[in-house]
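A.B. asks: Shown below is the structure under consideration.
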Amino acid sequence: MRLRVNQISMRLNYSDSDVIKAIAEELHCKTNDISNPEILRRSIDARKKNQSPRYILSVEIDYSGRPLSETPGKIEKAPRPEPPLTFPLLSPAPTPPPIVVGAGPAGLMAALTLAEAGYKPLLIERGAETSDRGQQVAAFWKNGILDPESNVLYGEGGAGLFSDGKLTARSKDRARIRRFFETLVASGAKPDILIDAMPHIGTDDLSRIIPSIRNRIWELGGACAFNSRLEGLHIENGLLRGVTVSGKEIRTDACFLATGHSARSVYSMLHESGVPLEAKPFAVGVRIEIPQHRIDSAQYGKWAHLPQLGAASFRLTRREENGARNCYSFCMCPGGEVISCASSEGLLTSNGMSLSARAKPFGNAAFLVPVETSDFVGQASQPAHEQTRMSAPLSGIEFQKKMERAAYEAGGADYGLPAARLIDFLEQNKGDLPAERSCARAIPALLQDILPEFVAETLHSAIPKMLKELDGTPFEEALLYASETRSSAPVRILRNSDGQSIGVRGLYPCGEGAGYAGGIVSSALDGMKLAEGFALSRK
Ligand SMILES: Cc1cc2nc3c(=O)[nH]c(=O)nc-3n(C[C@H](O)[C@H](O)[C@H](O)COP(=O)(O)OP(=O)(O)OC[C@H]3O[C@@H](n4cnc5c(N)ncnc54)[C@H](O)[C@@H]3O)c2cc1C
């Protein structure tokens, strides 16, 4: 009988035989009643009240002892494994091939899924492949030289290449999450991501993994065109007939549009082509940087020195009060760096990344304030009813651009990031910056000049209270960078339940830019799901 045993508590340096012994104790059986253990999930319990930090495991085993009574939540029959996803054999591959635009997580996984289903997709990416992109981004961070086609946001790997590579998965779609993580492991990610409760990869490892996924698409007969930009769609009577890529027309009846939320020219092109879009709420704010040892000791207390625990992270929220809106931390990068990002001249936004070791001396996270469509569609006093949202779908982008332009100017107009110590922000001073910080090209600035008033006021009221939850973090040591504007898409490309645009059959908007996903995992899953649906519907 295959059993799942949950909440097995183990010391940090456990061995396989320790796990069997602990399960045998739990089941009151002999160790040789247990075979084929497989750890499904591993989290760390480092609460300060514990005698020592522990791993908490969920393990599946084959059990051959006396009958057991199930204890829901603790011991249960293992569910049947999901059957592998199979597609009917396609030979020869259908023509014209489906086109996937954008080589971020959504586009790569859509293209891989199509290739596995026997199609020979053509993957189009405006930016460069990973290695060339790395050099372009290094020049941007060092000297402020921006390539508007290939940068921190555009290029192979998409927006998440220079990232912490946190694999946050809120979806209940366990089977697809597993398939995505297995793809990452088959492409070089550490197998730990399959079991860790808070898996992450890091920019250095992602730079090896992403090209390996692309090579797999190649091996299966797909093709990838880098430095190639989607410029237009050919639509006849609501049906997709082809696309224009870097001036060339390509015939197709299926295009997976996975261009991310920074592809503003794509949103404009869709709007002009009559593809139905709507404005959606998003969030903006600042990125805060704190010495990592403060975060570690706030989270782990006396265990903070233990290397097995890794750099600690946090998640903080503050509810709306006294006219200030909600505020929440987002995209925490333990032991990481704050980075400047841009994809067009004169517009600047901040973000964070880490390497796989997460060993840098600072941790950072965005602190965000929700922005409703009524903040940017029409007059703020008018309700953002459906009609208004539909008629001004791109106005959230204008809201973002205003902040990004102000940040660019305040940062010295060469992509340095405007920054201020928290105490200066609270006192509305420009002040100076600490010499010790992760982002070398940072310029002292009055952040209130960059942020909309309601955002500045909310952050002013919320950040000190939120940081108090990270006990032991002096405000003097916190540094703020402005501004976070691209945490999610400000536009939704409206689609049907089969994933196609509600106005254009054959157009499959997917990933974060479509407005139905956010983050690496959910964007990848969205790309997979739409490609699977397409392959199964055309069999
Ligand atoms: C610095 C940074 C750190 C992040 N860290 C994390 C993290 O740790 N964990 C997490 O879950 N999420 C993180 N994110 C968010 C995550 O990267 C995105 O949610 C995810 O990449 C979205 O995937 P996507 O495939 O939908 O779009 P994208 O990754 O944005 O990919 C879109 C691709 O389309 C291409 N493209 C755009 N327009 C065109 C065109 N006209 N023609 C051809 N190609 C085009 C772009 O060049 C880009 O490569 C981070 C984002 C950034 C910027």
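Every chain in the structure tokens has a letter given in the order shown (A, B, ...), and although residue numbers restart at 1 in each chain, ligands are simply numbered from 1 in the order shown.
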What does the list of residues within 7 Å of ligand 1 look like if you count only C-alpha atoms and all ligand atoms, written as a JSON list (two decimals) with C-alpha atoms, in the first residue's frame?
C.D. replies:
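Output contents, as saved in part.json:
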[["chain", "number", "residue", "atom", "x", "y", "z"],
["A", 101, "VAL", "CA", 5.73, 35.47, -29.45],
["A", 102, "GLY", "CA", 7.93, 36.14, -26.41],
["A", 103, "ALA", "CA", 10.54, 33.85, -24.84],
["A", 104, "GLY", "CA", 9.65, 34.52, -21.20],
["A", 105, "PRO", "CA", 8.29, 31.74, -18.97],
["A", 106, "ALA", "CA", 4.87, 31.75, -20.70],
["A", 107, "GLY", "CA", 6.22, 31.70, -24.27],
["A", 124, "ILE", "CA", 9.81, 34.84, -31.90],
["A", 125, "GLU", "CA", 11.69, 37.02, -29.40],
["A", 126, "ARG", "CA", 12.53, 40.70, -29.85],
["A", 127, "GLY", "CA", 15.54, 40.56, -27.51],
["A", 150, "SER", "CA", 17.19, 43.70, -25.50],
["A", 152, "VAL", "CA", 16.52, 43.56, -18.29],
["A", 153, "LEU", "CA", 12.90, 43.13, -19.40],
["A", 154, "TYR", "CA", 13.25, 41.93, -23.01],
["A", 155, "GLY", "CA", 15.18, 38.96, -24.34],
["A", 156, "GLU", "CA", 15.42, 35.20, -23.90],
["A", 157, "GLY", "CA", 14.07, 34.22, -20.48],
["A", 158, "GLY", "CA", 11.83, 37.28, -20.39],
["A", 159, "ALA", "CA", 11.43, 39.56, -17.40],
["A", 160, "GLY", "CA", 12.33, 36.81, -14.97],
["A", 161, "LEU", "CA", 15.85, 36.07, -16.24],
["A", 162, "PHE", "CA", 17.53, 38.67, -14.03],
["A", 163, "SER", "CA", 15.47, 37.81, -10.98],
["A", 164, "ASP", "CA", 15.45, 35.99, -7.70],
["A", 165, "GLY", "CA", 13.82, 33.12, -9.57],
["A", 166, "LYS", "CA", 11.37, 32.60, -6.73],
["A", 167, "LEU", "CA", 9.01, 29.86, -7.81],
["A", 168, "THR", "CA", 6.00, 31.03, -5.87],
["A", 228, "SER", "CA", 12.81, 39.55, -34.14],
["A", 229, "ARG", "CA", 9.89, 41.74, -33.17],
["A", 230, "LEU", "CA", 6.19, 41.18, -33.67],
["A", 231, "GLU", "CA", 4.85, 44.32, -35.33],
["A", 258, "ALA", "CA", 3.28, 35.91, -24.52],
["A", 259, "THR", "CA", 4.86, 39.34, -24.70],
["A", 260, "GLY", "CA", 4.74, 40.23, -20.99],
["A", 261, "HIS", "CA", 3.42, 43.35, -19.33],
["A", 262, "SER", "CA", 6.25, 45.63, -20.47],
["A", 263, "ALA", "CA", 5.44, 45.26, -24.19],
["A", 265, "SER", "CA", 3.97, 48.75, -28.25],
["A", 266, "VAL", "CA", 2.18, 45.39, -28.46],
["A", 331, "CYS", "CA", 8.87, 39.95, -4.61],
["A", 339, "ILE", "CA", 18.37, 46.71, -9.95],
["A", 351, "ASN", "CA", 13.16, 45.67, -9.24],
["A", 352, "GLY", "CA", 15.19, 43.04, -7.37],
["A", 353, "MET", "CA", 17.25, 39.95, -8.15],
["A", 510, "CYS", "CA", -1.06, 34.22, -22.42],
["A", 511, "GLY", "CA", 1.22, 34.88, -19.48],
["A", 512, "GLU", "CA", 1.54, 38.01, -17.43],
["A", 513, "GLY", "CA", 0.99, 40.45, -20.30],
["A", 518, "GLY", "CA", 1.61, 37.06, -12.50],
["A", 519, "GLY", "CA", 5.03, 35.68, -11.64],
["A", 520, "ILE", "CA", 7.20, 33.03, -13.22],
["A", 521, "VAL", "CA", 5.17, 29.96, -12.25],
["A", 523, "SER", "CA", 2.88, 32.68, -16.36],
["A", 524, "ALA", "CA", 4.58, 29.42, -17.33]]
A.B. asks: Return as a compact mmCIF listing (two decimals) with N, CA and C atoms, in the first residue's frame the full set of residues in stretch 29-194 of chain A whose backbone-based DSSP assignment is strand (DSSP E).
C.D. replies:
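Contents of the output file part-v4.txt:
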# COMPACT_ATOMS: atom_id res chain seq x y z
N ILE A 34 8.70 -0.49 5.65
CA ILE A 34 8.66 0.76 4.85
C ILE A 34 9.70 0.67 3.73
N SER A 35 9.29 0.99 2.52
CA SER A 35 10.26 1.02 1.41
C SER A 35 9.90 2.15 0.44
N ASN A 36 10.80 2.40 -0.48
CA ASN A 36 10.61 3.41 -1.55
C ASN A 36 10.11 4.75 -1.04
N PRO A 37 10.80 5.36 -0.07
CA PRO A 37 10.33 6.67 0.38
C PRO A 37 10.58 7.74 -0.69
N GLU A 38 9.63 8.66 -0.80
CA GLU A 38 9.85 9.81 -1.71
C GLU A 38 9.39 11.07 -0.99
N ILE A 39 10.34 11.97 -0.76
CA ILE A 39 9.97 13.22 -0.09
C ILE A 39 9.20 14.08 -1.09
N LEU A 40 8.01 14.50 -0.69
CA LEU A 40 7.17 15.31 -1.59
C LEU A 40 7.33 16.78 -1.30
N ARG A 41 7.51 17.11 -0.03
CA ARG A 41 7.54 18.52 0.35
C ARG A 41 8.40 18.69 1.59
N ARG A 42 9.12 19.80 1.62
CA ARG A 42 10.01 20.06 2.76
C ARG A 42 9.94 21.54 3.10
N SER A 43 9.58 21.82 4.36
CA SER A 43 9.60 23.23 4.77
C SER A 43 10.43 23.32 6.05
N ILE A 44 10.81 24.55 6.39
CA ILE A 44 11.62 24.73 7.59
C ILE A 44 10.76 25.35 8.68
N ASP A 45 10.85 24.79 9.87
CA ASP A 45 10.18 25.40 11.02
C ASP A 45 11.28 25.94 11.92
N ARG A 54 13.80 22.81 12.61
CA ARG A 54 13.52 21.47 12.09
C ARG A 54 13.02 21.56 10.66
N TYR A 55 13.27 20.51 9.90
CA TYR A 55 12.58 20.36 8.62
C TYR A 55 11.25 19.66 8.89
N ILE A 56 10.21 20.04 8.22
CA ILE A 56 8.93 19.34 8.30
C ILE A 56 8.70 18.71 6.91
N LEU A 57 8.57 17.39 6.90
CA LEU A 57 8.50 16.67 5.62
C LEU A 57 7.12 16.05 5.40
N SER A 58 6.78 15.92 4.12
CA SER A 58 5.67 15.06 3.68
C SER A 58 6.32 13.98 2.84
N VAL A 59 6.05 12.72 3.16
CA VAL A 59 6.78 11.63 2.49
C VAL A 59 5.78 10.58 2.02
N GLU A 60 5.99 10.06 0.82
CA GLU A 60 5.21 8.89 0.39
C GLU A 60 6.08 7.65 0.53
N ILE A 61 5.45 6.56 0.97
CA ILE A 61 6.20 5.30 1.18
C ILE A 61 5.35 4.13 0.71
N ASP A 62 6.03 3.02 0.43
CA ASP A 62 5.32 1.74 0.29
C ASP A 62 5.30 1.13 1.69
N TYR A 63 4.12 0.68 2.10
CA TYR A 63 3.97 0.17 3.47
C TYR A 63 3.45 -1.26 3.41
N ILE A 75 -1.63 10.83 8.25
CA ILE A 75 -1.36 9.60 7.48
C ILE A 75 -2.55 9.38 6.57
N GLU A 76 -2.28 9.22 5.28
CA GLU A 76 -3.40 8.99 4.36
C GLU A 76 -2.94 8.14 3.19
N LYS A 77 -3.92 7.53 2.51
CA LYS A 77 -3.57 6.77 1.31
C LYS A 77 -3.02 7.73 0.27
N ILE A 99 2.74 30.09 -34.04
CA ILE A 99 3.80 31.04 -33.68
C ILE A 99 3.64 31.42 -32.22
N VAL A 100 4.75 31.44 -31.52
CA VAL A 100 4.73 31.88 -30.12
C VAL A 100 5.55 33.15 -30.06
N VAL A 101 4.98 34.21 -29.51
CA VAL A 101 5.73 35.47 -29.45
C VAL A 101 6.11 35.75 -28.00
N LEU A 122 7.22 28.17 -34.11
CA LEU A 122 8.25 29.19 -34.34
C LEU A 122 8.16 30.17 -33.17
N LEU A 123 9.24 30.25 -32.40
CA LEU A 123 9.28 31.14 -31.23
C LEU A 123 10.00 32.43 -31.64
N ILE A 124 9.28 33.54 -31.49
CA ILE A 124 9.81 34.84 -31.90
C ILE A 124 10.15 35.64 -30.65
A.B. asks: Could you list, as JSON, numbers by chain, every residue within 10 Å of stretch 169-180 of chain A, counting only C-alpha atoms and ignoring same-chain residues fewer than 6 positions away?
C.D. replies: {"A": [81, 82, 83, 84, 85, 105, 109, 186, 193, 194, 195, 197, 198, 199, 519, 520, 521, 522, 524, 525, 526, 528, 529]}
A.B. asks: Would you write out those residues with N, CA and C atoms, as a compact mmCIF listing (two decimals), in the first residue's frame?
C.D. replies:
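Okay, out_12.txt is ready:
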# COMPACT_ATOMS: atom_id res chain seq x y z
N PRO A 81 -1.05 8.61 -8.88
CA PRO A 81 -0.30 9.62 -9.64
C PRO A 81 -1.07 10.03 -10.89
N GLU A 82 -0.95 11.32 -11.23
CA GLU A 82 -1.60 11.82 -12.46
C GLU A 82 -1.02 11.08 -13.66
N PRO A 83 -1.87 10.62 -14.60
CA PRO A 83 -1.29 10.00 -15.80
C PRO A 83 -0.50 11.04 -16.59
N PRO A 84 0.60 10.63 -17.24
CA PRO A 84 1.35 11.62 -18.01
C PRO A 84 0.48 12.20 -19.13
N LEU A 85 0.74 13.45 -19.45
CA LEU A 85 -0.04 14.11 -20.51
C LEU A 85 0.44 13.56 -21.85
N PRO A 105 8.79 33.03 -19.46
CA PRO A 105 8.29 31.74 -18.97
C PRO A 105 7.05 31.26 -19.73
N MET A 109 7.34 27.96 -22.28
CA MET A 109 6.60 26.75 -21.92
C MET A 109 5.48 26.46 -22.91
N ALA A 186 15.08 19.06 -15.40
CA ALA A 186 15.68 18.39 -16.57
C ALA A 186 16.59 19.35 -17.33
N ILE A 193 14.11 21.98 -5.86
CA ILE A 193 12.92 22.80 -6.15
C ILE A 193 11.66 21.95 -6.20
N LEU A 194 11.84 20.63 -6.41
CA LEU A 194 10.66 19.75 -6.48
C LEU A 194 10.03 19.54 -5.11
N ILE A 195 10.81 19.76 -4.04
CA ILE A 195 10.26 19.47 -2.71
C ILE A 195 10.21 20.69 -1.78
N ALA A 197 9.39 24.05 0.10
CA ALA A 197 8.14 24.82 0.21
C ALA A 197 8.30 26.20 -0.43
N MET A 198 9.51 26.76 -0.39
CA MET A 198 9.71 28.08 -1.01
C MET A 198 10.89 27.98 -1.98
N PRO A 199 10.69 27.30 -3.12
CA PRO A 199 11.81 27.08 -4.03
C PRO A 199 12.26 28.36 -4.72
N GLY A 519 3.93 36.46 -12.20
CA GLY A 519 5.03 35.68 -11.64
C GLY A 519 5.45 34.57 -12.60
N ILE A 520 6.60 34.01 -12.31
CA ILE A 520 7.20 33.03 -13.22
C ILE A 520 6.32 31.78 -13.34
N VAL A 521 5.89 31.24 -12.20
CA VAL A 521 5.17 29.96 -12.25
C VAL A 521 3.81 30.12 -12.92
N SER A 522 3.04 31.11 -12.48
CA SER A 522 1.69 31.18 -13.06
C SER A 522 1.75 31.57 -14.53
N ALA A 524 4.19 30.66 -16.64
CA ALA A 524 4.58 29.42 -17.33
C ALA A 524 3.38 28.47 -17.44
N LEU A 525 2.64 28.34 -16.35
CA LEU A 525 1.47 27.44 -16.35
C LEU A 525 0.42 27.90 -17.36
N ASP A 526 0.25 29.22 -17.44
CA ASP A 526 -0.74 29.76 -18.38
C ASP A 526 -0.34 29.41 -19.82
N MET A 528 1.52 26.90 -20.76
CA MET A 528 1.36 25.44 -20.95
C MET A 528 -0.11 25.10 -21.19
N LYS A 529 -0.96 25.70 -20.34
CA LYS A 529 -2.39 25.35 -20.38
C LYS A 529 -3.00 25.71 -21.74
A.B. asks: From the options A:Leu470, A:Pro92, A:Pro276, A:Tyr481, which residue's atoms come nearest to A:Ile502, counting only C-alpha atoms?
C.D. replies: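 Smallest separation from A:Ile502 among the options: A:Pro276.
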A.B. asks: For a quick check of understanding, using only C-alpha atoms, which of A:Val455, A:Ile145, A:Leu309, A:Ile463 has the smallest distance to A:Tyr415?
C.D. replies: A:Ile145
A.B. asks: Which residue is closest to A:Ala517? Choose from A:Pro370, A:Gly503, A:Pro191, A:Pro490 and count only C-alpha atoms.
C.D. replies: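 So, comparing all the options, the nearest one is A:Pro490.
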A.B. asks: Just the alpha helix (DSSP H) stuff from stretch 149-347 of chain A, please, per backbone DSSP, written as JSON, numbers by chain.
C.D. replies: {"A": [174, 175, 176, 177, 178, 179, 180, 181, 182, 183, 184, 185, 186, 203, 204, 205, 206, 207, 208, 209, 210, 211, 212, 213, 214, 215, 216, 217, 218, 219, 264, 265, 266, 267, 268, 269, 270, 271, 272, 292, 293, 294, 295, 296, 297, 298, 299, 300]}
A.B. asks: Next, the residues of the selection above should be written as a CSV table (one decimal), in the first residue's frame with N, CA and C atoms.
C.D. replies:
chain,number,residue,atom,x,y,z
A,174,ARG,N,-1.6,21.3,-9.2
A,174,ARG,CA,-0.3,20.6,-8.8
A,174,ARG,C,0.4,19.9,-10.0
A,175,ALA,N,-0.5,19.3,-10.8
A,175,ALA,CA,0.1,18.4,-11.9
A,175,ALA,C,0.9,19.3,-12.9
A,176,ARG,N,0.4,20.5,-13.3
A,176,ARG,CA,1.1,21.3,-14.2
A,176,ARG,C,2.3,21.9,-13.5
A,177,ILE,N,2.2,22.3,-12.2
A,177,ILE,CA,3.3,22.9,-11.5
A,177,ILE,C,4.5,21.8,-11.5
A,178,ARG,N,4.1,20.6,-11.2
A,178,ARG,CA,5.1,19.5,-11.2
A,178,ARG,C,5.8,19.4,-12.6
A,179,ARG,N,5.0,19.4,-13.6
A,179,ARG,CA,5.5,19.3,-15.0
A,179,ARG,C,6.5,20.5,-15.3
A,180,PHE,N,6.1,21.7,-14.8
A,180,PHE,CA,7.0,22.8,-15.1
A,180,PHE,C,8.3,22.6,-14.3
A,181,PHE,N,8.2,22.3,-13.0
A,181,PHE,CA,9.4,22.1,-12.2
A,181,PHE,C,10.3,21.0,-12.7
A,182,GLU,N,9.6,19.9,-13.2
A,182,GLU,CA,10.4,18.8,-13.7
A,182,GLU,C,11.2,19.3,-15.0
A,183,THR,N,10.5,20.1,-15.8
A,183,THR,CA,11.2,20.7,-17.0
A,183,THR,C,12.4,21.5,-16.5
A,184,LEU,N,12.3,22.3,-15.5
A,184,LEU,CA,13.4,23.1,-15.0
A,184,LEU,C,14.5,22.2,-14.5
A,185,VAL,N,14.1,21.1,-13.8
A,185,VAL,CA,15.2,20.2,-13.3
A,185,VAL,C,15.9,19.5,-14.4
A,186,ALA,N,15.1,19.1,-15.4
A,186,ALA,CA,15.7,18.4,-16.6
A,186,ALA,C,16.6,19.3,-17.3
A,203,THR,N,19.5,34.1,-10.6
A,203,THR,CA,19.8,34.5,-11.9
A,203,THR,C,20.9,33.7,-12.5
A,204,ASP,N,22.0,33.4,-11.7
A,204,ASP,CA,23.1,32.6,-12.3
A,204,ASP,C,22.6,31.3,-12.9
A,205,ASP,N,21.8,30.5,-12.1
A,205,ASP,CA,21.3,29.2,-12.6
A,205,ASP,C,20.3,29.4,-13.7
A,206,LEU,N,19.5,30.4,-13.6
A,206,LEU,CA,18.5,30.6,-14.7
A,206,LEU,C,19.2,30.9,-16.0
A,207,SER,N,20.3,31.5,-16.0
A,207,SER,CA,21.1,31.8,-17.2
A,207,SER,C,21.6,30.5,-17.9
A,208,ARG,N,21.7,29.4,-17.2
A,208,ARG,CA,22.0,28.1,-17.8
A,208,ARG,C,20.8,27.4,-18.2
A,209,ILE,N,19.7,27.5,-17.4
A,209,ILE,CA,18.5,26.7,-17.5
A,209,ILE,C,17.7,27.1,-18.8
A,210,ILE,N,17.6,28.4,-18.9
A,210,ILE,CA,16.7,28.9,-20.0
A,210,ILE,C,17.2,28.5,-21.4
A,211,PRO,N,18.5,28.6,-21.7
A,211,PRO,CA,19.0,28.2,-23.0
A,211,PRO,C,18.8,26.7,-23.2
A,212,SER,N,18.8,25.9,-22.1
A,212,SER,CA,18.6,24.5,-22.2
A,212,SER,C,17.1,24.2,-22.6
A,213,ILE,N,16.2,24.9,-22.1
A,213,ILE,CA,14.8,24.7,-22.5
A,213,ILE,C,14.6,25.1,-24.0
A,214,ARG,N,15.3,26.2,-24.4
A,214,ARG,CA,15.2,26.5,-25.8
A,214,ARG,C,15.8,25.4,-26.7
A,215,ASN,N,16.9,24.9,-26.2
A,215,ASN,CA,17.6,23.8,-27.0
A,215,ASN,C,16.6,22.6,-27.1
A,216,ARG,N,15.9,22.3,-26.1
A,216,ARG,CA,14.9,21.2,-26.2
A,216,ARG,C,13.8,21.5,-27.2
A,217,ILE,N,13.4,22.8,-27.3
A,217,ILE,CA,12.4,23.1,-28.3
A,217,ILE,C,13.0,22.9,-29.7
A,218,TRP,N,14.3,23.2,-29.9
A,218,TRP,CA,15.0,23.0,-31.1
A,218,TRP,C,15.0,21.5,-31.5
A,219,GLU,N,15.5,20.7,-30.4
A,219,GLU,CA,15.6,19.3,-30.7
A,219,GLU,C,14.3,18.6,-31.1
A,264,ARG,N,4.6,47.5,-24.3
A,264,ARG,CA,3.6,48.6,-24.5
A,264,ARG,C,3.3,48.8,-25.9
A,265,SER,N,4.3,48.6,-26.8
A,265,SER,CA,4.0,48.8,-28.3
A,265,SER,C,3.0,47.7,-28.7
A,266,VAL,N,3.1,46.5,-28.1
A,266,VAL,CA,2.2,45.4,-28.5
A,266,VAL,C,0.8,45.7,-28.0
A,267,TYR,N,0.6,46.3,-26.8
A,267,TYR,CA,-0.7,46.7,-26.4
A,267,TYR,C,-1.3,47.7,-27.4
A,268,SER,N,-0.5,48.7,-27.8
A,268,SER,CA,-1.0,49.7,-28.7
A,268,SER,C,-1.4,49.1,-30.0
A,269,MET,N,-0.5,48.2,-30.5
A,269,MET,CA,-0.8,47.6,-31.8
A,269,MET,C,-2.1,46.8,-31.7
A,270,LEU,N,-2.3,46.1,-30.6
A,270,LEU,CA,-3.6,45.3,-30.4
A,270,LEU,C,-4.8,46.2,-30.4
A,271,HIS,N,-4.6,47.3,-29.7
A,271,HIS,CA,-5.7,48.3,-29.5
A,271,HIS,C,-6.1,48.8,-30.9
A,272,GLU,N,-5.1,49.2,-31.7
A,272,GLU,CA,-5.3,49.7,-33.0
A,272,GLU,C,-5.9,48.7,-34.0
A,292,GLN,N,20.7,42.1,5.4
A,292,GLN,CA,20.1,40.8,5.5
A,292,GLN,C,20.2,40.2,6.9
A,293,HIS,N,21.3,40.6,7.6
A,293,HIS,CA,21.4,40.0,9.0
A,293,HIS,C,20.3,40.5,9.9
A,294,ARG,N,19.7,41.6,9.6
A,294,ARG,CA,18.6,42.1,10.4
A,294,ARG,C,17.4,41.2,10.1
A,295,ILE,N,17.2,40.9,8.8
A,295,ILE,CA,16.0,40.1,8.5
A,295,ILE,C,16.2,38.7,9.1
A,296,ASP,N,17.4,38.1,9.0
A,296,ASP,CA,17.7,36.8,9.5
A,296,ASP,C,17.4,36.8,11.0
A,297,SER,N,17.9,37.8,11.7
A,297,SER,CA,17.7,37.7,13.2
A,297,SER,C,16.2,37.9,13.5
A,298,ALA,N,15.6,38.8,12.8
A,298,ALA,CA,14.1,39.0,13.0
A,298,ALA,C,13.3,37.7,12.8
A,299,GLN,N,13.7,36.9,11.8
A,299,GLN,CA,13.0,35.7,11.4
A,299,GLN,C,13.4,34.5,12.2
A,300,TYR,N,14.8,34.3,12.4
A,300,TYR,CA,15.3,33.1,12.9
A,300,TYR,C,15.8,33.2,14.3
